[in-house]
Every structure is written in C-alpha cells, then in structure tokens.
Protein chains: 2
Amino acid sequence: MRISGLAESTGVPVATLKYYLREGLLHPGRATSRTQATYDDTHVERVRLVRALTEVGGLPLATVGRVLAVIDDPDAGRLGVLEAAQHSLSGPAPVDGSAPDDDPAGAGRAGRWLARRGWLVAPGTPAIADLERAWDACDAADIGVDEARMDAYADAVERIAAVDIDSVPSDAAAAVRQVVLGTVLVDPLLAALRRLAHQHVSVSREAG
Amino acid sequence: MRISGLAESTGVPVATLKYYLREGLLHPGRATSRTQATYDDTHVERVRLVRALTEVGGLPLATVGRVLAVIDDPDAGRLGVLEAAQHSLSGPAPVDGSAPDDDPAGAGRAGRWLARRGWLVAPGTPAIADLERAWDACDAADIGVDEARMDAYADAVERIAAVDIDSVPSDAAAAVRQVVLGTVLVDPLLAALRRLAHQHVSVSREAG
C-alpha cells in the first residue's frame, strides 16, 4: 500500500507517519520510485505499537525510540533483556554515567527498605530512584505510606511479577517483546484494575 | 512571606506560581496592599501537592484542578469520595453525559470479565473503559493477556486495594485526601515496585 493507505489502515495522519519515518520509529517502505514507497503489514503493526506505547503507555516519543531499539535487537539473555527494558524506560543515563553525589541510587530510604526486604536487584537500577521519588511524593502529600504498608504492597506486587515472569516465552526475540512491552503496557491495566478493586473492596465491606 | 519567598521555599518559579493563582490551583494570599500579598505554610503545602501530582503522578493541570476541587470539598460519604476521585482522574464526561453508542462502558470484554469475576463496580465507572483500552493495547502489542492472566493480576490487585482501603481514615476530610491522592500517587510507587520485583523474581528463579 502507499503511505495514504497506511494512514487509512492505522488512523494515523500521513504527516505523523512521515515524522515516524524521519525519527526511525518506523522502518522505510520498499521504494518504487524516487519519491514513492510501498508499505506492508509489518508497517501497520509497528505504527499500532508506537500508538499503544504513546497513548496507553504514556511514553514520550524519545522513550519509544529506545524501547523499539531494544525490541529490534533481541541479542541478550533474559536478565539482560530485563535490564535493557528498564533502562530504556527510565530515560538516558547522566552524561558521565554517575549518579548525583548527594543522592546515589540505593543510598536513600528505598535502598535501605529493599536491602531489609531482601530483594535481589542490581545496584543503580533506575527503578530504585523511581521508588524513592514516588515514596517522597506520597510523604509530601501526607498519605502515610510507612514501611509496613510498603511491605504489604510488595507482597502483592511479588505475585504480579511472578505472573509476568511466568508469561515470558523461551524464544529470545519473543521474550524481549514480552518483557519490554509487558513492562510498559501492563502498568495502565493494573492501574485500572486497582480503581475497580477499590470499589469492589469498599462496597463488599459496607455490605458485610 | 512574599511570593518570591514562596518561590524560594518550593523551588517553583514566580511566573508558575502566578499561573497557579490565576487558574485557582493555589488559594490567594492575604492582601497587604493593592499589588502585594503574603503567603504562609498552607501555600507551601499546596504548591508541593500540585508538583507531586504533576511530576510524579503525571497528571495534566486540568486534572489537578478537578482533583483539588474534590479534596477541597470533602462533603461526601466514603463511596461517594471514591467515585468523585475516580471521575476527577478520568477526564470530563462527554457533554451530553452519555457513552458513545458503539461502545457503552461495560458492554465490552472488560465488562464481561468483571461480571464473571463478580466485582461490584458502578456501571459507567471510567476505569471500566480504561481497562478495556489497556487490554486492547496489550493485544495490539501481542503480549498475550488472556482471562487467566487477568484473573491472576486481579487476585494480587485485590490485596493492594485492601491495603489501600484499610488506610482510609474515618475522618471525612482526611479520607478524601487519602483516597484521591492515594489513587494517583501510589500508582507510580507500585510501578517502581513491579520493576524491582521483576528483577528479584527473575534472579531468584535463575539461582533456584
């Protein structure tokens, strides 16, 4: 199909598709003349994936580019995949590769909590700083997440992670896809489930 | 303090503070002359809350306005609070108040799954459509979330929701705060925990 057909199939305007092509988020079509190219189902699938990552996953396009780069290069073991996925989702590393001196990842409350909990995570994992920041924001809003509540959350989240890891296929390329996309696209699904479960738990208790 | 002091205390530029004042996200200071006002700790706290909601919670300012409106009017029962919180977080309702004809909330796969699961949720709850959309995005990315996997997620999320509901204080104003802010600010905390749990579960299994 021509680029106009790709726009029709995906509901994404031609100008946006051309932007994706320029930014390397979409692979080039097969050239049929100096100014025209044809596109196929692989292009439709890739455009849908970019839209899912931006619209449902809420990722900025720069992050989508890093995520797709990991998906397109599945040459890594399972833990390597996990690390690559998490790093691609957490923004670029500082230019000199080091954490800021006043708050090295893992040195704060989140790092101490992780150590006590006994979770095996690589030092410097971006999610440690994300946890610290989210925990601080909860404190700033005075919503009282203490260590006991964090442990209760962690018990439940361990079960979620076990479901996720069980779903990772053994084929390396499929595993990369599952880990990277599952990390970003299942978050909104869990957030929606949590809101629904709030209602269910609340109504059940009032009825009981 | 003057507005420059408020800027210093919060790290938010004066221009941004003036914008918050114009948009009603921040309550006016006490006027000391025709062109000056003084601000106190309640202003510092409110500015920090707006920043937490936008920067960690990722909410657009229009949504922050709706969330703060709910917090500032805690005249509602506990379930009313939950519904008000969820609606404030899900964007404005359609102008005529109805769902689009071709996809009424609850009629899709998510609604059928909820009915089978037996979760008690109000019809038309925005989170039902959010769940449908997130589930479709998972399918578009081919990451295989079937009903069994959704049930496994739901088992874990029910435990998270129970922790949340147990944390809601009995005082009405404090309850509103806890429900509204806990809904939006605990999501990023759970997302960070999930990434860390992925590593822990993955490493534990390889070691086992």
# chains A, B, ... in the order shown; residues from 1 in each chain; ligands from 1

$ interface_residues --of "chain A" --to "chain B" --cutoff "6 Å" --atoms "only C-alpha atoms" --output "PyMOL selection string"
chain A and resi 49+52+119-121+127+130-131+134+137+141+143+153+156-158+160-161+178+189+192+194+197-200

$ select_by_dssp --residues "region 8-202 of chain B" --states "alpha helix (DSSP H)" --output "PyMOL selection string"
chain B and resi 8-10+14-23+41-51+61-71+78-89+109-117+126-140+147-166+172-202

$ atom_distance --atom1 "CA of Glu147 (chain A)" --atom2 "CA of Arg117 (chain A)"
10.1 Å

$ atom_distance --atom1 "CA of Pro60 (chain A)" --atom2 "CA of Thr54 (chain B)"
15.3 Å
